[in-house]
>>> print(open('my_file_7.txt').read())   # compact mmCIF, C-alpha atoms
# COMPACT_ATOMS: atom_id res chain seq x y z
CA MET A 21 -42.06 132.55 95.16
CA ARG A 22 -43.10 136.10 95.96
CA LYS A 23 -43.87 137.80 99.25
CA GLU A 24 -47.64 137.64 98.86
CA GLU A 25 -47.60 133.93 98.13
CA TYR A 26 -45.19 133.23 100.97
CA LEU A 27 -47.25 135.05 103.57
CA ASN A 28 -50.40 133.40 102.27
CA SER A 29 -49.01 129.93 102.64
CA LEU A 30 -47.96 130.70 106.20
CA ALA A 31 -51.43 132.04 106.97
CA GLN A 32 -53.03 128.97 105.38
CA GLY A 33 -50.86 126.55 107.30
CA LEU A 34 -51.66 128.26 110.58
CA ARG A 35 -55.32 129.00 110.06
CA ALA A 36 -56.53 126.64 112.77
CA TYR A 37 -54.39 128.29 115.42
CA ASP A 38 -54.93 131.12 117.80
CA LYS A 39 -55.76 134.19 115.72
CA ASN A 40 -53.79 136.68 117.80
CA TYR A 41 -50.69 134.57 117.71
CA VAL A 42 -50.88 134.08 113.97
CA GLU A 43 -51.52 137.74 113.21
CA ASP A 44 -48.62 138.70 115.41
CA ILE A 45 -46.13 136.37 113.83
CA LEU A 46 -47.25 137.20 110.29
CA ARG A 47 -46.51 140.81 111.07
CA ASP A 48 -42.94 139.79 111.94
CA TYR A 49 -42.50 138.16 108.54
CA GLU A 50 -44.00 141.14 106.81
CA GLU A 51 -41.56 143.42 108.57
CA HIS A 52 -38.75 141.09 107.60
CA PHE A 53 -39.73 141.40 103.94
CA LEU A 54 -39.76 145.19 104.15
CA ASP A 55 -36.39 145.40 105.88
CA ALA A 56 -34.77 142.93 103.52
CA ALA A 57 -36.19 144.78 100.53
CA GLN A 58 -34.75 147.99 101.91
CA ALA A 59 -31.39 146.25 102.11
CA GLY A 60 -31.71 145.66 98.38
CA LYS A 61 -32.90 142.08 98.22
CA ARG A 62 -35.45 140.75 95.76
CA GLU A 63 -38.60 139.06 97.05
CA GLU A 64 -37.60 135.67 95.61
CA GLU A 65 -34.28 135.88 97.38
CA ILE A 66 -35.90 136.79 100.67
CA CYS A 67 -38.33 133.87 100.42
CA GLN A 68 -35.47 131.52 99.79
CA GLU A 69 -33.55 132.73 102.81
CA LEU A 70 -36.58 132.46 105.06
CA GLY A 71 -36.89 128.83 104.04
CA ASN A 72 -39.66 126.64 102.74
CA PRO A 73 -42.95 127.94 104.22
CA GLU A 74 -44.06 124.40 105.06
CA ASP A 75 -40.95 123.96 107.20
CA VAL A 76 -41.57 127.25 108.93
CA VAL A 77 -45.19 126.26 109.59
CA ARG A 78 -44.05 122.92 110.98
CA GLU A 79 -41.58 124.68 113.22
CA ILE A 80 -44.26 127.01 114.53
CA ARG A 81 -46.69 124.14 115.10
CA GLU A 82 -44.10 122.19 117.03
CA MET A 83 -43.38 125.20 119.14
CA LEU A 84 -47.05 125.76 119.85
CA SER A 85 -47.63 122.18 120.86
CA GLU A 86 -44.67 122.46 123.24
CA GLY A 87 -46.11 125.68 124.57
CA GLU A 88 -49.49 124.26 125.27
CA LYS A 89 -48.02 121.87 127.78
CA ARG A 90 -47.17 124.86 129.88
CA ASP A 91 -49.99 127.28 129.19
CA GLY A 92 -53.60 126.88 130.07
CA TRP A 93 -55.06 127.17 126.61
CA LEU A 94 -54.26 124.80 123.86
CA ALA A 95 -53.31 126.66 120.76
CA ARG A 96 -53.53 123.49 118.72
CA PRO A 97 -56.89 121.90 117.95
CA GLN A 98 -57.12 118.83 120.12
CA ALA A 99 -59.60 116.63 118.44
CA GLU A 100 -59.19 116.18 114.84
CA LEU A 101 -59.93 112.57 115.23
CA MET A 102 -58.50 109.38 114.00
CA PHE A 103 -60.92 107.21 112.15
CA LEU A 104 -60.78 103.54 113.00
CA GLY A 105 -63.38 101.84 110.87
CA GLY A 106 -66.57 103.00 112.48
CA LYS A 107 -65.15 103.35 115.93
CA SER A 108 -62.57 105.93 116.52
CA THR A 109 -60.69 107.62 119.25
CA ALA A 110 -58.60 110.70 119.55
CA GLY A 111 -55.32 110.21 117.85
CA GLU A 112 -52.28 111.99 116.68
CA GLU A 113 -53.12 111.64 113.05
CA GLY A 114 -56.45 113.35 113.39
CA PHE A 115 -59.75 112.75 111.69
CA ARG A 116 -61.15 115.33 109.39
CA TRP A 117 -64.54 115.50 107.79
CA GLY A 118 -64.93 117.04 104.38
CA ALA A 119 -66.81 120.30 104.18
CA GLY A 120 -70.42 119.72 105.17
CA ASP A 121 -69.93 116.02 105.97
CA LEU A 122 -70.31 116.35 109.71
CA LYS A 123 -74.02 116.25 110.50
CA THR A 124 -74.30 115.38 114.16
CA VAL A 125 -72.34 116.61 117.15
CA ARG A 126 -73.10 115.32 120.62
CA PHE A 127 -71.13 116.10 123.71
CA PHE A 128 -71.61 115.21 127.33
CA THR A 129 -69.61 116.23 130.37
CA ASP A 130 -70.22 116.06 134.08
CA THR A 131 -68.23 119.00 135.42
CA ALA A 132 -66.63 120.89 132.54
CA ARG A 133 -67.83 124.24 131.29
CA VAL A 134 -68.68 124.10 127.64
CA ARG A 135 -68.40 126.89 125.15
CA LEU A 136 -69.67 126.57 121.58
CA ARG A 137 -68.79 128.81 118.73
CA PRO A 138 -68.56 128.64 114.96
CA SER A 139 -65.44 127.11 113.49
CA PRO A 140 -62.97 129.61 112.06
CA ASP A 141 -61.80 127.28 109.31
CA GLY A 142 -64.73 125.00 108.50
CA ALA A 143 -63.37 122.04 110.45
CA PHE A 144 -64.61 120.69 113.76
CA HIS A 145 -62.33 121.37 116.70
CA LEU A 146 -62.34 120.56 120.34
CA HIS A 147 -60.01 122.39 122.69
CA LEU A 148 -59.46 121.69 126.36
CA SER A 149 -58.30 124.40 128.74
CA ASP A 150 -56.56 121.86 130.91
CA GLU A 151 -54.38 119.28 129.26
CA LYS A 152 -54.86 116.84 132.10
CA ASP A 153 -58.53 116.56 131.19
CA GLN A 154 -57.53 114.80 128.01
CA ALA A 155 -57.11 111.55 129.90
CA TYR A 156 -60.85 111.53 130.52
CA LEU A 157 -61.96 112.41 127.02
CA GLU A 158 -63.70 109.69 125.04
CA GLN A 159 -64.59 110.26 121.46
CA ARG A 160 -66.30 108.36 118.72
CA CYS A 161 -66.80 109.39 115.18
CA THR A 162 -68.33 108.09 112.05
CA ALA A 163 -68.35 109.53 108.57
CA ASP A 164 -70.99 112.05 109.58
CA SER A 165 -71.04 112.25 113.36
CA TYR A 166 -68.98 113.17 116.36
CA GLU A 167 -69.73 112.05 119.87
CA GLY A 168 -67.61 113.09 122.81
CA GLN A 169 -67.68 112.60 126.55
CA LEU A 170 -65.59 114.19 129.22
CA LYS A 171 -66.46 112.60 132.50
CA ARG A 172 -65.09 110.59 135.32
CA ARG A 173 -66.02 106.97 135.80
CA TRP A 174 -67.02 105.79 139.21
CA TRP A 175 -63.56 104.44 139.98
CA GLN A 176 -62.12 107.77 138.96
CA ILE A 177 -64.58 109.70 141.08
CA PHE A 178 -63.57 107.45 143.93
CA SER A 179 -60.31 109.31 144.28
CA VAL A 180 -61.06 112.23 146.57
CA LYS A 181 -58.55 114.42 144.85
CA SER A 182 -60.16 114.19 141.46
CA PHE A 183 -63.59 114.61 142.93
CA PHE A 184 -62.73 118.04 144.19
CA GLN A 185 -61.08 119.02 141.00
CA PRO A 186 -63.63 119.74 138.34
CA PHE A 187 -62.65 119.80 134.69
CA GLY A 188 -61.71 123.05 133.01
CA GLU A 189 -63.36 124.41 129.94
CA VAL A 190 -64.15 122.67 126.70
CA LEU A 191 -64.35 124.74 123.58
CA LEU A 192 -66.18 123.23 120.64
CA GLU A 193 -65.89 124.89 117.27
CA ILE A 194 -68.76 123.85 115.11
CA PRO A 195 -68.53 123.88 111.31
CA GLU A 196 -71.39 124.87 109.08
CA GLY A 197 -73.73 122.17 107.88
CA VAL A 198 -74.23 120.42 111.21
CA LEU A 199 -77.87 119.38 111.50
CA GLU A 200 -78.04 118.17 115.06
CA LEU A 201 -76.18 119.63 117.99
CA LYS A 202 -76.73 118.20 121.43
CA ILE A 203 -74.76 119.29 124.46
CA SER A 204 -75.39 118.25 128.02
CA THR A 205 -73.59 118.82 131.29
CA VAL A 206 -74.24 118.20 134.93
CA THR A 207 -72.45 120.97 136.82
CA GLY A 208 -70.88 122.80 133.94
CA GLU A 209 -72.31 125.93 132.47
CA VAL A 210 -72.85 126.06 128.76
CA SER A 211 -72.70 129.01 126.44
CA ALA A 212 -73.31 129.00 122.72
CA GLU A 213 -72.89 131.76 120.22
CA GLU A 214 -73.56 132.30 116.54
CA LEU A 215 -74.59 128.79 115.65
CA ARG A 216 -76.96 127.41 113.08
CA ALA A 217 -78.31 123.87 112.98
CA GLN A 218 -81.62 122.21 112.36
CA SER A 219 -81.88 121.04 115.90
CA ILE A 220 -79.99 122.49 118.84
CA GLY A 221 -80.40 121.04 122.31
CA ILE A 222 -78.40 122.40 125.21
CA SER A 223 -78.92 121.31 128.76
CA SER A 224 -77.27 121.57 132.14
CA ILE A 225 -78.44 120.32 135.49
CA SER A 226 -77.17 122.90 137.92
CA ARG A 227 -75.71 125.71 135.88
CA ASP A 228 -76.75 128.46 133.51
CA VAL A 229 -77.34 127.88 129.86
CA SER A 230 -76.76 130.92 127.73
CA ALA A 231 -77.33 131.41 124.06
CA TRP A 232 -76.64 134.25 121.71
CA LYS A 233 -77.44 134.38 118.02
CA LEU A 234 -78.72 130.88 117.47
CA ARG A 235 -80.72 129.82 114.44
CA GLY A 236 -82.55 126.55 114.04
CA LYS A 237 -85.77 124.72 113.46
CA ASP A 238 -85.92 123.27 116.94
CA ILE A 239 -83.99 124.90 119.71
CA SER A 240 -84.22 123.79 123.29
CA LEU A 241 -82.35 125.35 126.20
CA THR A 242 -82.91 123.65 129.51
CA THR A 243 -81.48 123.51 133.01
CA VAL A 244 -82.76 122.38 136.35
CA SER A 245 -81.36 124.79 138.89
CA GLY A 246 -79.58 127.26 136.65
CA ARG A 247 -80.92 130.07 134.55
CA VAL A 248 -81.63 130.12 130.87
CA LEU A 249 -80.34 133.29 129.24
CA SER A 250 -81.05 133.83 125.59
CA GLU A 251 -80.64 136.66 123.20
CA ASP A 252 -81.25 136.97 119.50
CA VAL A 253 -82.53 133.46 118.92
CA LYS A 254 -84.62 132.52 115.92
CA ALA A 255 -86.31 129.15 115.73
CA GLY A 256 -89.34 127.34 114.49
CA LYS A 257 -89.95 125.98 117.93
CA LEU A 258 -88.09 127.43 120.88
CA VAL A 259 -88.21 125.77 124.27
CA LEU A 260 -86.79 127.38 127.41
CA ARG A 261 -87.05 125.36 130.54
CA SER A 262 -85.77 125.45 134.11
CA THR A 263 -87.04 124.19 137.40
CA SER A 264 -85.80 126.65 139.96
CA GLY A 265 -84.03 129.18 137.80
CA ALA A 266 -85.18 132.17 135.84
CA LEU A 267 -85.81 132.29 132.14
CA ARG A 268 -84.64 135.41 130.41
CA GLY A 269 -84.98 136.18 126.75
CA GLU A 270 -84.33 139.16 124.56
CA GLU A 271 -85.15 139.41 120.87
CA LEU A 272 -86.56 135.96 120.42
CA GLU A 273 -88.33 134.99 117.27
CA ALA A 274 -90.18 131.70 116.98
CA GLU A 275 -93.28 130.24 115.48
CA GLU A 276 -93.83 128.63 118.83
CA LEU A 277 -92.31 129.85 122.07
CA PHE A 278 -92.57 127.60 125.07
CA GLY A 279 -91.16 128.65 128.44
CA LYS A 280 -91.63 126.80 131.67
CA THR A 281 -90.09 127.04 135.13
CA VAL A 282 -91.41 126.17 138.55
CA SER A 283 -90.03 128.70 140.95
CA GLY A 284 -88.22 131.09 138.65
CA LEU A 285 -89.11 134.35 137.06
CA ILE A 286 -89.85 134.53 133.37
CA GLU A 287 -88.78 137.70 131.70
CA VAL A 288 -88.84 137.89 127.94
CA HIS A 289 -88.72 141.02 125.83
CA GLY A 290 -88.82 141.78 122.18
CA ILE A 291 -90.69 138.62 121.40
CA TYR A 292 -91.95 137.91 117.96
CA SER A 293 -93.94 134.73 118.00
CA ARG A 294 -97.33 133.49 116.91
CA ASP A 295 -97.76 131.03 119.68
CA ILE A 296 -96.53 131.86 123.16
CA TYR A 297 -96.84 129.61 126.15
CA LEU A 298 -95.19 130.70 129.39
CA LYS A 299 -95.77 128.98 132.65
CA THR A 300 -94.35 129.31 136.16
CA VAL A 301 -95.67 128.35 139.56
CA SER A 302 -94.23 130.83 142.00
CA GLY A 303 -92.43 133.29 139.75
CA ALA A 304 -93.66 136.35 137.96
CA ILE A 305 -93.99 136.63 134.22
CA LYS A 306 -92.94 139.69 132.29
CA LEU A 307 -93.58 139.61 128.61
CA GLY A 308 -92.75 142.29 126.11
CA VAL A 309 -94.19 141.47 122.73
CA LYS A 310 -93.05 143.00 119.55
CA THR A 311 -95.57 142.67 116.84
CA HIS A 312 -97.36 142.25 114.32
CA ARG A 313 -100.42 143.98 113.21
CA ASP A 314 -102.35 140.87 114.06
CA PRO A 315 -104.34 140.93 117.23
CA ILE A 316 -103.04 138.94 120.16
CA GLN A 317 -105.34 136.82 122.22
CA PHE A 318 -104.06 136.45 125.72
CA ARG A 319 -105.08 133.79 128.09
CA THR A 320 -103.62 134.72 131.43
CA ARG A 321 -104.13 132.82 134.59
CA THR A 322 -102.82 133.47 138.08
CA VAL A 323 -104.22 132.49 141.42
CA SER A 324 -102.71 134.93 143.87
CA GLY A 325 -100.85 137.29 141.57
CA ARG A 326 -102.13 140.16 139.53
CA VAL A 327 -102.27 140.78 135.85
CA TYR A 328 -101.01 144.00 134.35
CA MET A 329 -101.67 144.71 130.71
CA GLN A 330 -99.84 147.82 129.74
CA ASP A 331 -101.10 147.70 126.24
CA THR A 332 -104.70 148.78 126.45
CA ALA A 333 -105.50 147.62 122.97
CA ARG A 334 -105.11 144.09 124.12
CA GLN A 335 -107.26 142.58 126.76
CA PRO A 336 -106.71 139.53 128.88
CA ASN A 337 -109.06 136.80 128.06
CA GLY A 338 -109.80 133.87 130.26
CA GLY A 339 -111.63 131.81 127.72
CA ASN A 340 -110.75 129.73 124.78
CA PHE A 341 -109.17 130.89 121.63
CA ASP A 342 -111.39 131.38 118.68
CA GLY A 343 -108.82 130.29 116.17
CA GLY A 344 -108.23 132.44 113.17
CA GLU A 345 -105.35 134.74 112.45
CA SER A 346 -104.70 136.05 115.91
CA ILE A 347 -101.57 135.39 117.86
CA ARG A 348 -102.04 133.26 120.89
CA ALA A 349 -100.33 133.84 124.19
CA VAL A 350 -100.93 131.67 127.21
CA LEU A 351 -99.40 133.02 130.39
CA GLU A 352 -99.84 131.15 133.62
CA SER A 353 -98.42 131.71 137.06
CA VAL A 354 -99.89 130.44 140.29
CA SER A 355 -98.58 133.02 142.72
CA GLY A 356 -96.69 135.51 140.57
CA ASP A 357 -97.75 138.68 138.80
CA ILE A 358 -98.15 138.74 135.07
CA THR A 359 -97.11 141.87 133.21
CA VAL A 360 -97.46 142.40 129.52
CA THR A 361 -95.97 145.38 127.82
CA GLY A 362 -97.15 146.13 124.39
CA ALA A 363 -96.20 146.23 120.87
CA GLU A 364 -93.46 148.43 119.55
CA ASP A 365 -94.54 148.41 115.96
CA MET B 6 -24.05 121.51 109.85
CA ASN B 7 -26.35 118.97 111.40
CA ALA B 8 -29.90 120.32 111.62
CA GLN B 9 -30.49 118.99 115.12
CA PHE B 10 -27.37 120.71 116.44
CA LYS B 11 -28.46 123.98 114.95
CA LYS B 12 -31.93 123.76 116.33
CA GLY B 13 -30.74 123.32 119.88
CA ALA B 14 -28.14 126.05 119.63
CA LEU B 15 -30.23 128.66 117.85
CA GLU B 16 -31.95 129.87 120.96
CA LEU B 17 -28.61 130.41 122.68
CA CYS B 18 -27.27 132.24 119.64
CA VAL B 19 -30.25 134.58 119.56
CA LEU B 20 -30.02 135.32 123.27
CA SER B 21 -26.26 135.83 123.07
CA GLN B 22 -26.55 138.28 120.20
CA LEU B 23 -29.04 140.25 122.24
CA THR B 24 -26.61 140.53 125.16
CA LYS B 25 -24.57 142.82 122.90
CA GLY B 26 -27.46 145.18 122.33
CA ASP B 27 -31.00 145.46 121.11
CA LYS B 28 -31.67 144.30 117.57
CA TYR B 29 -34.58 144.14 115.20
CA GLY B 30 -35.74 140.94 113.53
CA TYR B 31 -34.06 141.27 110.16
CA GLU B 32 -30.80 142.40 111.75
CA LEU B 33 -30.74 139.31 113.93
CA THR B 34 -31.44 136.96 111.06
CA GLU B 35 -28.62 138.58 109.09
CA VAL B 36 -26.06 138.27 111.87
CA ILE B 37 -26.89 134.63 112.45
CA SER B 38 -27.29 133.53 108.85
CA ARG B 39 -23.89 135.06 108.03
CA GLU B 40 -22.27 132.46 110.27
CA MET B 41 -24.67 129.59 110.05
CA SER B 42 -26.83 128.44 107.19
CA ILE B 43 -30.36 128.34 108.53
CA ALA B 44 -33.84 128.98 107.26
CA THR B 45 -34.14 132.40 108.84
CA GLY B 46 -37.92 132.04 108.96
CA THR B 47 -37.55 129.72 111.92
CA LEU B 48 -36.07 132.50 114.05
CA TYR B 49 -39.36 134.33 114.44
CA PRO B 50 -41.21 131.61 116.32
CA ILE B 51 -38.17 131.36 118.61
CA LEU B 52 -38.25 135.10 119.25
CA LYS B 53 -41.96 134.93 119.90
CA ARG B 54 -41.48 132.17 122.43
CA LEU B 55 -38.66 134.01 124.17
CA LYS B 56 -40.98 136.96 124.43
CA ASP B 57 -43.84 134.86 125.80
CA GLU B 58 -41.48 133.54 128.44
CA LEU B 59 -40.39 137.08 129.30
CA TYR B 60 -36.75 136.52 128.33
CA VAL B 61 -37.01 139.33 125.82
CA GLU B 62 -39.25 142.32 125.43
CA THR B 63 -40.02 144.32 122.34
CA TYR B 64 -40.51 147.95 121.44
CA LEU B 65 -41.20 149.78 118.22
CA VAL B 66 -38.91 152.36 116.67
CA GLU B 67 -39.87 154.48 113.67
CA SER B 68 -37.45 153.89 110.82
CA GLU B 69 -36.74 156.35 108.08
CA GLY B 70 -38.53 155.51 104.88
CA GLY B 71 -40.10 152.37 106.28
CA PRO B 72 -42.62 151.15 108.80
CA ALA B 73 -41.81 150.96 112.51
CA ARG B 74 -39.31 148.29 113.43
CA LYS B 75 -39.78 145.88 116.27
CA TYR B 76 -36.66 145.78 118.44
CA TYR B 77 -35.87 142.93 120.79
CA HIS B 78 -34.36 143.67 124.18
CA LEU B 79 -33.01 141.08 126.59
CA THR B 80 -34.65 141.30 130.02
CA GLU B 81 -32.91 140.59 133.33
CA LYS B 82 -34.60 137.21 133.36
CA GLY B 83 -33.35 136.61 129.83
CA ARG B 84 -29.83 137.59 130.78
CA GLY B 85 -29.84 135.05 133.59
CA TYR B 86 -31.25 132.41 131.31
CA GLN B 87 -28.64 133.14 128.64
CA GLY B 88 -25.88 132.81 131.25
CA ASN B 89 -27.07 129.42 132.40
CA LEU B 90 -27.64 128.20 128.89
CA LYS B 91 -24.15 129.26 127.89
CA LEU B 92 -22.57 127.38 130.80
CA GLU B 93 -24.58 124.31 129.95
CA TRP B 94 -23.55 124.58 126.35
CA GLN B 95 -19.86 124.92 127.20
CA ALA B 96 -20.02 121.95 129.53
CA PHE B 97 -21.79 119.96 126.87
CA VAL B 98 -19.28 120.84 124.17
CA GLU B 99 -16.44 119.92 126.46
CA ILE B 100 -17.92 116.52 127.25
CA VAL B 101 -18.69 115.78 123.61
CA GLY B 102 -15.17 116.89 122.71
CA ARG B 103 -13.63 114.56 125.29
CA LEU B 104 -15.75 111.65 124.14
CA CYS B 105 -14.93 112.22 120.50
CA ASP B 106 -11.19 112.39 120.93
>>> encode(input="my_file_7.txt", output="structure tokens")
Amino acid sequence: MRKEEYLNSLAQGLRAYDKNYVEDILRDYEEHFLDAAQAGKREEEICQELGNPEDVVREIREMLSEGEKRDGWLARPQAELMFLGGKSTAGEEGFRWGAGDLKTVRFFTDTARVRLRPSPDGAFHLHLSDEKDQAYLEQRCTADSYEGQLKRRWWQIFSVKSFFQPFGEVLLEIPEGVLELKISTVTGEVSAEELRAQSIGISSISRDVSAWKLRGKDISLTTVSGRVLSEDVKAGKLVLRSTSGALRGEELEAEELFGKTVSGLIEVHGIYSRDIYLKTVSGAIKLGVKTHRDPIQFRTRTVSGRVYMQDTARQPNGGNFDGGESIRAVLESVSGDITVTGAED
Amino acid sequence: MNAQFKKGALELCVLSQLTKGDKYGYELTEVISREMSIATGTLYPILKRLKDELYVETYLVESEGGPARKYYHLTEKGRGYQGNLKLEWQAFVEIVGRLCD
């Protein structure tokens, strides 16, 4: 075996682990090769002395799994799941889907923060920031789906100590090819970045939902008392919804954009959409459209607020749409101002 | 030599070698593999862990004709740890020796 091959097999064996750690340790082996070569050894000889790369990888893995008992972050993927004929639970053996086999991912938690990001190696991973949380993790998988829950049962909530100790963070690494992604939390905030799926639904009850670089046919980001923060989202239908929080969007592109909150502000800029519906009761609406040569028909309605159209080419219109090619924008606020800033063609 | 014995003792050997002075990775693997047959590749994760636990620290030194070398230096904490480990080891060896006789 030669140096290149040796280092590659180490990198392969460690690809699911913390990137910084792996890069760092590979550098050590590289340096070892250089020093040994300087001492007059051949690459084959050096490889032999270092030992079978599989053994070295095993050694490193063992060390990392020892380490994670002490550190906050788990370097080892937690949930490669064991498959038990239709019903499965987390296990030591792990359950792996083939590339593109995993179609549905659903996850629910009451108090954990959830972070979603693309998988670095094409496999689904779940990491927990606090090892103790593992006792509360329930997982089920089938040949094409993963369903996980991290929550306390009523008898577990009953203990005062656990009640005051919310879960840590859950990191889900989503492989390509997932069609449906559904994440919900109660008091945990959720953030998602660089994901693609046919349908993405993210919801929280009391915390913020934030999204960056999402692509999908149907994307829905909802919360009750948190904010919805979105940037660079492209969807067929995009729904942003909160009850008392603000909705903020930047660079959103959707056939249909639907935003609704009761007492929050709606502020969306750089919008490219043919059908815009934004509604709030007591908040203001600020819309910055990015268009399109097509005319936009606005239907704006406010009872005690005022309407500002900063793009003189476009006029508010209280009536019905006349159909046709124009882009439709319905903006309604009961007591807030409505401001529209114009096209930046 | 029994693999399990080696595994447990390797950390102590690495720390003890560093009490005599700073060394770079390849140098350490050479010193140890001269006495003990081991897969030297397994030393690097040990060094990394010792570093993470602040028993050793590292610094880079330019080497002639090659890239910079990473040197390992035993910290005060590491020195204390090595001392304790060594005492434990000696006690252990003594007990095993008594029981084997």
>>> interface_residues(input="my_file_7.txt", of="chain A", to="chain B", cutoff="8 Å", atoms="all atoms listed in the file", output="VMD selection string")
chain A and resid 45 48 to 49 51 to 52 54 to 56 69 to 72 76 79 to 80 83
>>> atom_distance(input="my_file_7.txt", atom1="CA of Leu199 in chain A", atom2="CA of Thr124 in chain A")
6.0 Å
>>> atom_distance(input="my_file_7.txt", atom1="CA of Ala231 in chain A", atom2="CA of Pro140 in chain A")
18.8 Å
>>> atom_distance(input="my_file_7.txt", atom1="CA of Tyr86 in chain B", atom2="CA of Arg39 in chain B")
24.6 Å
>>> closest_residue(input="my_file_7.txt", among="A:Val134, A:Glu273, A:Glu193, A:Ala163", to="Val229 in chain A", atoms="all atoms listed in the file")
A:Val134
>>> closest_residue(input="my_file_7.txt", among="A:Val360, A:Ala274, A:Val198, A:Ala266", to="Gly246 in chain A", atoms="all atoms listed in the file")
A:Ala266
>>> residues_around(input="my_file_7.txt", residues="Val253 in chain A", least_positions_apart="3", cutoff="6 Å", atoms="all atoms listed in the file", output="list in words")
Lys233, Leu234 and Leu272 of chain A
>>> residues_near_point(input="my_file_7.txt", point="(-39.4, 135.6, 127.7)", cutoff="12 Å", atoms="all atoms listed in the file", output="PyMOL selection string")
chain B and resi 16+20+51-63+77-87
>>> residues_near_point(input="my_file_7.txt", point="(-45.3, 134.4, 95.6)", cutoff="12 Å", atoms="all atoms listed in the file", output="list in words")
Met21, Arg22, Lys23, Glu24, Glu25, Tyr26, Leu27, Asn28, Ser29, Leu30, Arg62, Glu63, Glu64, Glu65, Ile66, Cys67, Gln68, Asn72 and Pro73 of chain A
